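Chemist: Contents are mmCIF, C-alpha atoms; file name structure21.cif:
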```cif
data_entry
#
loop_
_atom_site.label_atom_id
_atom_site.label_comp_id
_atom_site.auth_asym_id
_atom_site.auth_seq_id
_atom_site.Cartn_x
_atom_site.Cartn_y
_atom_site.Cartn_z
CA MET A 1 101.12 118.60 -62.36
CA ILE A 2 100.37 114.95 -61.60
CA ALA A 3 98.58 115.93 -58.39
CA CYS A 4 96.51 118.45 -60.36
CA LEU A 5 95.52 115.80 -62.90
CA THR A 6 94.62 113.39 -60.08
CA LEU A 7 91.97 115.75 -58.69
CA LEU A 8 91.06 117.31 -62.05
CA PRO A 9 87.68 115.50 -62.33
CA PHE A 10 86.62 116.98 -58.98
CA ALA A 11 87.90 120.43 -59.99
CA LEU A 12 85.97 120.47 -63.28
CA ARG A 13 82.84 119.26 -61.52
CA HIS A 14 82.93 122.04 -58.93
CA LEU A 15 84.19 125.00 -60.96
CA ARG A 16 80.97 126.89 -60.24
CA ALA A 17 80.78 125.79 -56.60
CA VAL A 18 82.87 128.69 -55.33
CA GLU A 19 82.26 132.42 -55.43
CA PRO A 20 84.52 134.61 -57.62
CA ARG A 21 86.01 136.26 -54.52
CA HIS A 22 87.38 132.88 -53.40
CA TRP A 23 89.62 132.33 -56.42
CA LYS A 24 92.39 134.64 -55.21
CA PHE A 25 92.52 132.73 -51.93
CA LEU A 26 92.52 129.39 -53.76
CA LEU A 27 95.46 130.64 -55.80
CA GLY A 28 97.22 131.80 -52.64
CA SER A 29 96.64 128.43 -51.01
CA GLY A 30 97.89 126.62 -54.12
CA LEU A 31 101.04 128.70 -54.34
CA LEU A 32 101.92 128.73 -50.63
CA GLY A 33 100.72 125.23 -49.77
CA ASN A 34 101.84 123.30 -52.84
CA LEU A 35 103.79 124.84 -55.71
CA ILE A 36 106.43 126.96 -53.94
CA PRO A 37 107.18 124.49 -51.08
CA ALA A 38 107.48 121.62 -53.59
CA PHE A 39 110.36 123.39 -55.34
CA LEU A 40 111.96 124.53 -52.06
CA PHE A 41 111.93 121.04 -50.55
CA ALA A 42 113.18 119.41 -53.74
CA TYR A 43 116.03 121.90 -54.08
CA ALA A 44 116.97 121.72 -50.39
CA GLU A 45 117.13 117.94 -50.39
CA THR A 46 119.67 117.87 -53.19
CA ARG A 47 122.17 118.72 -50.45
CA LEU A 48 120.31 118.17 -47.17
CA ALA A 49 119.50 114.88 -45.45
CA SER A 50 115.81 114.00 -45.61
CA GLY A 51 115.73 113.34 -41.86
CA LEU A 52 116.87 116.89 -41.13
CA ALA A 53 114.40 118.27 -43.65
CA GLY A 54 111.63 116.40 -41.85
CA VAL A 55 112.61 117.88 -38.50
CA LEU A 56 112.74 121.40 -39.92
CA ASN A 57 109.25 120.80 -41.34
CA SER A 58 107.95 120.75 -37.76
CA LEU A 59 108.41 124.54 -37.77
CA THR A 60 105.12 124.70 -39.68
CA ALA A 61 103.21 124.81 -36.38
CA LEU A 62 105.25 127.76 -35.15
CA PHE A 63 104.91 129.77 -38.35
CA THR A 64 101.19 128.97 -38.56
CA LEU A 65 100.75 130.76 -35.26
CA LEU A 66 103.09 133.60 -36.19
CA VAL A 67 101.50 134.24 -39.60
CA GLY A 68 98.04 134.09 -37.99
CA ALA A 69 99.05 136.72 -35.45
CA VAL A 70 100.69 139.06 -37.97
CA PHE A 71 98.29 138.85 -40.92
CA PHE A 72 95.02 137.46 -39.54
CA ARG A 73 94.83 139.21 -36.16
CA GLN A 74 94.96 136.02 -34.17
CA SER A 75 95.81 136.36 -30.49
CA ILE A 76 99.20 135.20 -29.30
CA THR A 77 100.28 134.79 -25.68
CA TRP A 78 103.73 135.38 -24.26
CA MET A 79 104.10 131.65 -23.61
CA ARG A 80 103.42 130.83 -27.26
CA MET A 81 105.84 133.55 -28.31
CA LEU A 82 108.43 131.91 -26.06
CA GLY A 83 107.76 128.60 -27.80
CA ILE A 84 108.22 130.27 -31.19
CA LEU A 85 111.55 131.76 -30.13
CA ILE A 86 112.73 128.40 -28.77
CA GLY A 87 111.74 126.71 -32.02
CA ILE A 88 113.60 129.29 -34.08
CA GLY A 89 116.60 128.86 -31.79
CA GLY A 90 116.53 125.12 -32.38
CA THR A 91 116.38 125.76 -36.11
CA CYS A 92 119.48 127.94 -35.95
CA LEU A 93 121.24 125.25 -33.95
CA LEU A 94 120.27 122.60 -36.48
CA ILE A 95 121.28 124.64 -39.53
CA PHE A 96 124.32 126.61 -38.45
CA SER A 97 126.01 124.29 -35.95
CA GLY A 98 128.09 121.25 -36.70
CA ASN A 99 131.68 120.43 -37.32
CA GLY A 100 133.81 119.76 -40.31
CA ASN A 101 134.04 121.62 -43.58
CA ALA A 102 131.88 119.02 -45.30
CA GLU A 103 128.85 120.45 -43.55
CA LEU A 104 129.55 124.03 -44.58
CA ASP A 105 128.03 123.84 -48.04
CA ASN A 106 125.01 121.83 -46.96
CA LYS A 107 123.65 123.42 -43.82
CA TYR A 108 122.44 126.62 -45.47
CA TYR A 109 120.08 124.57 -47.60
CA GLY A 110 117.96 124.19 -44.46
CA LEU A 111 116.90 127.81 -44.98
CA TYR A 112 114.89 126.71 -48.01
CA ILE A 113 112.91 124.40 -45.72
CA VAL A 114 112.34 127.25 -43.28
CA VAL A 115 110.92 129.41 -46.08
CA ALA A 116 108.71 126.48 -47.13
CA THR A 117 107.28 126.18 -43.60
CA ILE A 118 106.51 129.90 -43.60
CA CYS A 119 104.58 129.31 -46.84
CA TYR A 120 102.75 126.40 -45.19
CA GLY A 121 101.82 128.65 -42.27
CA GLY A 122 100.34 131.17 -44.69
CA SER A 123 98.38 128.52 -46.57
CA VAL A 124 96.90 127.02 -43.40
CA ASN A 125 95.66 130.43 -42.28
CA ILE A 126 94.18 131.21 -45.70
CA ILE A 127 92.29 127.92 -45.66
CA LYS A 128 90.98 128.43 -42.13
CA HIS A 129 90.07 132.12 -42.32
CA ARG A 130 89.24 132.71 -45.99
CA LEU A 131 88.03 129.36 -47.38
CA GLN A 132 86.20 127.92 -44.38
CA GLY A 133 82.89 127.29 -46.15
CA ILE A 134 84.30 125.23 -49.02
CA LYS A 135 84.43 121.43 -48.86
CA PRO A 136 87.99 120.01 -48.55
CA ILE A 137 87.81 118.00 -51.80
CA VAL A 138 86.57 121.07 -53.69
CA MET A 139 89.15 123.36 -52.13
CA SER A 140 92.02 120.96 -52.73
CA SER A 141 91.16 120.22 -56.35
CA LEU A 142 90.62 123.88 -57.25
CA ALA A 143 93.76 125.03 -55.44
CA LEU A 144 95.80 122.50 -57.42
CA LEU A 145 93.99 123.56 -60.60
CA THR A 146 95.21 127.14 -60.13
CA VAL A 147 98.88 126.08 -59.95
CA GLY A 148 98.87 122.98 -62.17
CA PRO A 149 99.24 124.98 -65.41
CA MET A 150 102.20 126.86 -63.89
CA ALA A 151 103.90 123.57 -63.06
CA LEU A 152 103.24 122.28 -66.59
CA ALA A 153 104.60 125.47 -68.15
CA TYR A 154 107.82 125.13 -66.16
CA LEU A 155 108.06 121.40 -66.89
CA LEU A 156 107.97 122.10 -70.63
CA THR A 157 111.08 124.28 -70.28
CA THR A 158 113.12 121.40 -68.86
CA ASP A 159 114.81 118.44 -70.54
CA VAL A 160 112.50 115.91 -68.88
CA ALA A 161 111.70 114.17 -72.18
CA THR A 162 115.40 113.65 -72.94
CA LYS A 163 116.07 112.35 -69.44
CA LEU A 164 113.23 109.84 -69.68
CA GLN A 165 114.66 108.55 -72.95
CA HIS A 166 118.34 108.39 -72.09
CA THR A 167 118.87 108.46 -68.30
CA PRO A 168 118.96 105.03 -66.57
CA GLY A 169 116.34 104.78 -63.82
CA ALA A 170 114.42 107.84 -65.00
CA TRP A 171 111.13 105.99 -65.49
CA GLU A 172 111.45 104.40 -62.05
CA ALA A 173 112.06 107.87 -60.58
CA LEU A 174 108.97 109.16 -62.37
CA LEU A 175 106.96 106.32 -60.82
CA TYR A 176 108.02 107.39 -57.34
CA ILE A 177 107.21 111.00 -58.17
CA ALA A 178 103.74 109.89 -59.26
CA VAL A 179 103.25 107.99 -55.99
CA LEU A 180 104.22 111.10 -54.02
CA ALA A 181 101.96 113.28 -56.15
CA VAL A 182 98.88 111.07 -55.77
CA PHE A 183 99.16 110.14 -52.11
CA SER A 184 101.32 112.79 -50.39
CA THR A 185 100.01 115.76 -52.36
CA ALA A 186 96.53 115.04 -53.74
CA VAL A 187 95.09 112.67 -51.12
CA GLY A 188 97.18 114.16 -48.30
CA LEU A 189 96.01 117.66 -49.16
CA VAL A 190 92.34 116.67 -48.98
CA LEU A 191 92.82 115.01 -45.59
CA PHE A 192 94.83 117.93 -44.23
CA ASN A 193 92.25 120.47 -45.40
CA LYS A 194 89.57 118.39 -43.72
CA LEU A 195 91.57 118.48 -40.49
CA ILE A 196 91.86 122.28 -40.72
CA HIS A 197 88.08 122.56 -41.16
CA ILE A 198 87.20 120.48 -38.11
CA SER A 199 89.90 121.82 -35.78
CA THR A 200 92.11 124.86 -35.22
CA THR A 201 95.01 125.91 -37.44
CA LEU A 202 97.44 125.18 -34.61
CA PHE A 203 96.11 121.67 -34.01
CA ALA A 204 96.14 120.85 -37.72
CA SER A 205 99.68 122.11 -38.24
CA SER A 206 100.78 120.10 -35.19
CA SER A 207 100.56 117.01 -37.36
CA THR A 208 104.14 117.99 -38.22
CA TYR A 209 105.06 116.40 -34.86
CA LEU A 210 104.92 113.06 -36.69
CA VAL A 211 106.95 114.17 -39.70
CA PRO A 212 110.38 114.18 -37.96
CA ILE A 213 109.82 110.65 -36.65
CA VAL A 214 108.86 109.28 -40.05
CA ALA A 215 111.54 111.28 -41.87
CA LEU A 216 114.30 110.11 -39.52
CA MET A 217 113.19 106.49 -39.89
CA TRP A 218 113.37 106.74 -43.67
CA GLY A 219 116.68 108.60 -43.42
CA VAL A 220 118.27 105.90 -41.29
CA LEU A 221 117.00 103.19 -43.66
CA ASP A 222 118.52 105.21 -46.52
CA GLY A 223 121.90 105.27 -44.79
CA GLU A 224 121.89 108.93 -43.68
CA THR A 225 124.14 109.90 -40.76
CA ILE A 226 122.60 111.85 -37.89
CA GLN A 227 125.08 113.55 -35.57
CA LEU A 228 124.74 114.58 -31.92
CA TRP A 229 124.19 118.26 -32.70
CA HIS A 230 121.39 117.25 -35.07
CA TYR A 231 119.59 115.54 -32.19
CA MET A 232 120.13 118.59 -29.98
CA GLY A 233 118.53 120.85 -32.57
CA MET A 234 115.65 118.42 -33.04
CA VAL A 235 114.91 118.32 -29.31
CA VAL A 236 114.93 122.13 -29.05
CA ILE A 237 112.60 122.52 -32.07
CA LEU A 238 110.14 119.95 -30.78
CA ALA A 239 110.26 121.56 -27.33
CA GLY A 240 109.30 124.88 -28.90
CA VAL A 241 106.43 123.29 -30.83
CA PHE A 242 105.27 121.52 -27.64
CA ILE A 243 105.21 124.77 -25.67
CA VAL A 244 103.27 126.55 -28.42
CA ASN A 245 100.63 123.83 -28.47
CA ARG A 246 100.25 123.49 -24.70
CA ALA A 247 100.24 127.24 -23.97
CA ARG A 248 96.91 128.98 -23.42
#
```
Would you encode the structure as structure tokens?
Modeler:
Amino acid sequence: MIACLTLLPFALRHLRAVEPRHWKFLLGSGLLGNLIPAFLFAYAETRLASGLAGVLNSLTALFTLLVGAVFFRQSITWMRMLGILIGIGGTCLLIFSGNGNAELDNKYYGLYIVVATICYGGSVNIIKHRLQGIKPIVMSSLALLTVGPMALAYLLTTDVATKLQHTPGAWEALLYIAVLAVFSTAVGLVLFNKLIHISTTLFASSSTYLVPIVALMWGVLDGETIQLWHYMGMVVILAGVFIVNRAR
């Protein structure tokens, strides 16, 4: 909702800048690229280390290619399919391997991240193949406008007001949420949509190469423990993404 309000002036200014046929694709992009993944990531990270979530996020490049091939008739070579299978194999290793009963309840939460990356892959393809002629700032603001009211409606069903009044640290948490909303969602979305416009879907989604590095750095600073099998899964996933991007 905060991200929607951030770009609301641009959305109101350009309401008539898009054709009626584009609104369903803007809604699809808003749902798949913002609203649904936001809930999936937030829920997954209640039990999953942020570093591991960041590594799983690199699957976006693989699912961008797969969704493009299945739903948008994009060509896919056997080498890229091999990369996809390797990436999925690394994901299975990262989620379902490990030792100790303490991991048993947590590892399945990685599946929420996998679903989120599938959503991202769908959103990237919608933007590239159905919204190509719309400026990134217009597209981003209107996509958030389509899902902002949904987020607000859900927010009003929660006890957020009570928590802000009585829970220690709640206002500080809200500040961090606002920072994420403004920079990682609103500004980040505009920049990412611009990248999709000037490049291919695969190249744009390959920006997820950087996410595991940043996520692991923050995770280590936050005191998260990364085990050997985690690193093995990370290497396999990144190898799959590398093959997909280098294959012709």
Chemist: From the list A:Gly28, A:Gly89, A:Gly223, A:Pro20, which residue is nearest Asn125 of chain A when using all atoms listed in the file?
Modeler: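 So, comparing all the options, the nearest one is A:Gly28.
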Chemist: Hey, which of A:Arg80, A:Ala3, A:Gly133, A:Thr201 ends up closest to Gly188 of chain A? Count all atoms listed in the file.
Modeler: A:Ala3
Chemist: Considering all atoms listed in the file, can you say which of A:Asn193, A:Gln132, A:Ser58, A:Ser140 comes closest to Val236 of chain A?
Modeler: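 Selected residue with least distance to Val236 of chain A: A:Ser58.
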Chemist: Please provide as a PyMOL selection string all residues within 9 Å of Leu26 of chain A, with the sequence filter that same-chain residues fewer than 4 positions apart are discarded (counting all atoms listed in the file).
Modeler: chain A and resi 22+30-31+126-127+131+139-140+142-144+146
Chemist: Report, in Å with one decimal, the straight-line distance from atom CA of Met81 of chain A to atom CA of Ile237 of chain A.
Modeler: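 It comes out at 13.5 Å.
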Chemist: Dump as a ChimeraX atom specification all residues having an atom at most 9 Å from (110.4, 117.4, -43.9), computed in the file's coordinates with only C-alpha atoms.
Modeler: /A:41,50-58,113,208,211-212,215
Chemist: Work out how far apart atom CA of Leu221 of chain A and atom CA of Thr117 of chain A are and give it in Å to one decimal.
Modeler: 25.0 Å
Chemist: Would you list the contacts of Val70 of chain A as a PDB file with C-alpha atoms, in the coordinates of the input, taking every protein, DNA or RNA residue within 12 Å and counting all atoms listed in the file, but skipping same-chain residues closer than 6 positions in sequence?
Modeler:
```pdb
ATOM      1  CA  PHE A  63     104.910 129.770 -38.350  1.00  0.00           C
ATOM      2  CA  THR A  64     101.190 128.970 -38.560  1.00  0.00           C
ATOM      3  CA  ILE A  76      99.200 135.200 -29.300  1.00  0.00           C
ATOM      4  CA  GLY A 121     101.820 128.650 -42.270  1.00  0.00           C
ATOM      5  CA  GLY A 122     100.340 131.170 -44.690  1.00  0.00           C
ATOM      6  CA  ASN A 125      95.660 130.430 -42.280  1.00  0.00           C
TER       7      ASN A 125
END
```
Chemist: To verify the selection step, state as JSON, numbers by chain which residues the PyMOL selection byres ((chain A and resi 204) around 12) yields on this input.
Modeler: {"A": [58, 60, 61, 62, 64, 65, 120, 121, 123, 124, 125, 127, 128, 189, 191, 192, 193, 194, 195, 196, 197, 198, 199, 200, 201, 202, 203, 205, 206, 207, 208, 209, 210, 245]}
Chemist: Limited to C-alpha atoms, could you put the picked residues into a file as a PDB file, in the frame of the given file?
Modeler:
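Below is the file that was written, out-v8.pdb:
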```pdb
ATOM      1  CA  SER A  58     107.950 120.750 -37.760  1.00  0.00           C
ATOM      2  CA  THR A  60     105.120 124.700 -39.680  1.00  0.00           C
ATOM      3  CA  ALA A  61     103.210 124.810 -36.380  1.00  0.00           C
ATOM      4  CA  LEU A  62     105.250 127.760 -35.150  1.00  0.00           C
ATOM      5  CA  THR A  64     101.190 128.970 -38.560  1.00  0.00           C
ATOM      6  CA  LEU A  65     100.750 130.760 -35.260  1.00  0.00           C
ATOM      7  CA  TYR A 120     102.750 126.400 -45.190  1.00  0.00           C
ATOM      8  CA  GLY A 121     101.820 128.650 -42.270  1.00  0.00           C
ATOM      9  CA  SER A 123      98.380 128.520 -46.570  1.00  0.00           C
ATOM     10  CA  VAL A 124      96.900 127.020 -43.400  1.00  0.00           C
ATOM     11  CA  ASN A 125      95.660 130.430 -42.280  1.00  0.00           C
ATOM     12  CA  ILE A 127      92.290 127.920 -45.660  1.00  0.00           C
ATOM     13  CA  LYS A 128      90.980 128.430 -42.130  1.00  0.00           C
ATOM     14  CA  LEU A 189      96.010 117.660 -49.160  1.00  0.00           C
ATOM     15  CA  LEU A 191      92.820 115.010 -45.590  1.00  0.00           C
ATOM     16  CA  PHE A 192      94.830 117.930 -44.230  1.00  0.00           C
ATOM     17  CA  ASN A 193      92.250 120.470 -45.400  1.00  0.00           C
ATOM     18  CA  LYS A 194      89.570 118.390 -43.720  1.00  0.00           C
ATOM     19  CA  LEU A 195      91.570 118.480 -40.490  1.00  0.00           C
ATOM     20  CA  ILE A 196      91.860 122.280 -40.720  1.00  0.00           C
ATOM     21  CA  HIS A 197      88.080 122.560 -41.160  1.00  0.00           C
ATOM     22  CA  ILE A 198      87.200 120.480 -38.110  1.00  0.00           C
ATOM     23  CA  SER A 199      89.900 121.820 -35.780  1.00  0.00           C
ATOM     24  CA  THR A 200      92.110 124.860 -35.220  1.00  0.00           C
ATOM     25  CA  THR A 201      95.010 125.910 -37.440  1.00  0.00           C
ATOM     26  CA  LEU A 202      97.440 125.180 -34.610  1.00  0.00           C
ATOM     27  CA  PHE A 203      96.110 121.670 -34.010  1.00  0.00           C
ATOM     28  CA  SER A 205      99.680 122.110 -38.240  1.00  0.00           C
ATOM     29  CA  SER A 206     100.780 120.100 -35.190  1.00  0.00           C
ATOM     30  CA  SER A 207     100.560 117.010 -37.360  1.00  0.00           C
ATOM     31  CA  THR A 208     104.140 117.990 -38.220  1.00  0.00           C
ATOM     32  CA  TYR A 209     105.060 116.400 -34.860  1.00  0.00           C
ATOM     33  CA  LEU A 210     104.920 113.060 -36.690  1.00  0.00           C
ATOM     34  CA  ASN A 245     100.630 123.830 -28.470  1.00  0.00           C
TER      35      ASN A 245
END
```
Chemist: Atom CA of Thr77 of chain A and atom CA of Gly240 of chain A, how far apart in Å?
Modeler: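 Spanning atom CA of Gly240 of chain A to atom CA of Thr77 of chain A is a straight-line distance of 13.8 Å.
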Chemist: Could you check which of A:Ala170, A:Val244, A:Leu40, A:Met217 is closest to Ile84 of chain A, using only C-alpha atoms?
Modeler: A:Val244
Chemist: For Val138 of chain A, which residue among A:Leu164, A:Ala186, A:Ala42, A:Val114 is the nearest when counting all atoms listed in the file?
Modeler: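 Checking each of A:Leu164, A:Ala186, A:Ala42, A:Val114 against Val138 of chain A, counting all atoms listed in the file, the winner is A:Ala186.
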Chemist: Going by the chain IDs and residue numbers used in this file, which residues fall under the PyMOL selection byres ((chain A and resi 178-182) around 10)? Write them as a list in words.
Modeler: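 Evaluating the PyMOL selection byres ((chain A and resi 178-182) around 10) on these coordinates yields Met1, Ile2, Ala3, Cys4, Leu5, Thr6, Leu7, Glu172, Ala173, Leu174, Leu175, Tyr176, Ile177, Phe183, Ser184, Thr185, Ala186, Val187, Gly188 and Leu189 of chain A.
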Chemist: Using all atoms listed in the file for the distances, tell me which of A:Ile36, A:Phe242, A:Ile134, A:Thr162 is nearest to Glu19 of chain A.
Modeler: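 Of A:Ile36, A:Phe242, A:Ile134, A:Thr162, the one nearest Glu19 of chain A, counting all atoms listed in the file, is A:Ile134.
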Chemist: Write out as a list in words each polymer residue whose atoms come within 12 Å of Phe39 of chain A, counting all atoms listed in the file; drop sequence neighbours fewer than 4 positions from it.
Modeler: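 These residues fall inside the cut-off: Leu31, Leu32, Gly33, Asn34, Leu35, Tyr43, Ala44, Glu45, Thr46, Tyr112, Ile113, Val115, Ala116, Cys119, Ala151, Tyr154 and Leu155 of chain A.
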Chemist: Can you complete the atoms of segment 14-24 of chain A to all heavy atoms and list them as a tab-separated table (two decimals), in the coordinates of the input?
Modeler:
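Written output follows (out_5.tsv):
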```
chain	number	residue	atom	x	y	z
A	14	HIS	N	83.31	121.03	-59.92
A	14	HIS	CA	82.93	122.04	-58.93
A	14	HIS	C	83.44	123.43	-59.28
A	14	HIS	O	83.60	124.28	-58.40
A	14	HIS	CB	83.47	121.64	-57.55
A	14	HIS	CG	82.87	120.38	-57.01
A	14	HIS	ND1	83.50	119.16	-57.12
A	14	HIS	CD2	81.70	120.14	-56.37
A	14	HIS	CE1	82.75	118.23	-56.55
A	14	HIS	NE2	81.65	118.79	-56.10
A	15	LEU	N	83.69	123.69	-60.56
A	15	LEU	CA	84.19	125.00	-60.96
A	15	LEU	C	83.25	126.13	-60.53
A	15	LEU	O	83.69	127.22	-60.19
A	15	LEU	CB	84.39	125.04	-62.47
A	15	LEU	CG	85.72	124.47	-63.00
A	15	LEU	CD1	85.73	124.47	-64.52
A	15	LEU	CD2	86.91	125.27	-62.46
A	16	ARG	N	81.95	125.86	-60.57
A	16	ARG	CA	80.97	126.89	-60.24
A	16	ARG	C	80.53	126.81	-58.77
A	16	ARG	O	79.60	127.51	-58.38
A	16	ARG	CB	79.75	126.75	-61.15
A	16	ARG	CG	80.07	126.91	-62.63
A	16	ARG	CD	78.82	126.77	-63.48
A	16	ARG	NE	79.10	126.88	-64.90
A	16	ARG	CZ	79.20	128.03	-65.56
A	16	ARG	NH1	79.02	129.18	-64.92
A	16	ARG	NH2	79.46	128.05	-66.86
A	17	ALA	N	81.20	125.97	-57.99
A	17	ALA	CA	80.78	125.79	-56.60
A	17	ALA	C	81.35	126.85	-55.67
A	17	ALA	O	80.95	126.93	-54.50
A	17	ALA	CB	81.20	124.40	-56.11
A	18	VAL	N	82.26	127.66	-56.17
A	18	VAL	CA	82.87	128.69	-55.33
A	18	VAL	C	82.54	130.07	-55.90
A	18	VAL	O	82.33	130.23	-57.10
A	18	VAL	CB	84.40	128.52	-55.24
A	18	VAL	CG1	84.74	127.20	-54.58
A	18	VAL	CG2	85.04	128.61	-56.62
A	19	GLU	N	82.53	131.04	-55.01
A	19	GLU	CA	82.26	132.42	-55.43
A	19	GLU	C	83.52	133.02	-56.06
A	19	GLU	O	84.64	132.61	-55.73
A	19	GLU	CB	81.83	133.25	-54.22
A	19	GLU	CG	80.56	132.75	-53.55
A	19	GLU	CD	80.21	133.56	-52.32
A	19	GLU	OE1	80.74	134.70	-52.19
A	19	GLU	OE2	79.41	133.08	-51.50
A	20	PRO	N	83.35	133.98	-56.96
A	20	PRO	CA	84.52	134.61	-57.62
A	20	PRO	C	85.55	135.15	-56.64
A	20	PRO	O	86.75	135.10	-56.91
A	20	PRO	CB	83.88	135.73	-58.45
A	20	PRO	CG	82.50	135.23	-58.75
A	20	PRO	CD	82.08	134.47	-57.52
A	21	ARG	N	85.08	135.67	-55.49
A	21	ARG	CA	86.01	136.26	-54.52
A	21	ARG	C	86.92	135.22	-53.89
A	21	ARG	O	87.96	135.57	-53.31
A	21	ARG	CB	85.22	136.97	-53.42
A	21	ARG	CG	84.33	136.05	-52.59
A	21	ARG	CD	83.50	136.83	-51.59
A	21	ARG	NE	82.64	135.98	-50.80
A	21	ARG	CZ	83.00	135.39	-49.66
A	21	ARG	NH1	84.21	135.61	-49.17
A	21	ARG	NH2	82.15	134.63	-49.00
A	22	HIS	N	86.58	133.93	-54.01
A	22	HIS	CA	87.38	132.88	-53.40
A	22	HIS	C	88.59	132.49	-54.24
A	22	HIS	O	89.53	131.87	-53.72
A	22	HIS	CB	86.52	131.64	-53.15
A	22	HIS	CG	85.58	131.78	-52.00
A	22	HIS	ND1	84.29	131.29	-52.02
A	22	HIS	CD2	85.73	132.37	-50.79
A	22	HIS	CE1	83.69	131.56	-50.89
A	22	HIS	NE2	84.54	132.22	-50.11
A	23	TRP	N	88.57	132.82	-55.53
A	23	TRP	CA	89.62	132.33	-56.42
A	23	TRP	C	91.00	132.86	-56.05
A	23	TRP	O	92.00	132.14	-56.15
A	23	TRP	CB	89.29	132.66	-57.87
A	23	TRP	CG	88.29	131.70	-58.45
A	23	TRP	CD1	86.96	131.91	-58.65
A	23	TRP	CD2	88.55	130.36	-58.87
A	23	TRP	NE1	86.36	130.79	-59.17
A	23	TRP	CE2	87.31	129.82	-59.32
A	23	TRP	CE3	89.68	129.56	-58.91
A	23	TRP	CZ2	87.20	128.51	-59.80
A	23	TRP	CZ3	89.57	128.26	-59.39
A	23	TRP	CH2	88.35	127.75	-59.84
A	24	LYS	N	91.08	134.10	-55.59
A	24	LYS	CA	92.39	134.64	-55.21
A	24	LYS	C	92.95	133.91	-54.00
A	24	LYS	O	94.18	133.71	-53.88
A	24	LYS	CB	92.31	136.14	-54.96
A	24	LYS	CG	91.37	136.54	-53.83
A	24	LYS	CD	91.31	138.06	-53.69
A	24	LYS	CE	90.34	138.47	-52.58
A	24	LYS	NZ	90.24	139.97	-52.47
```
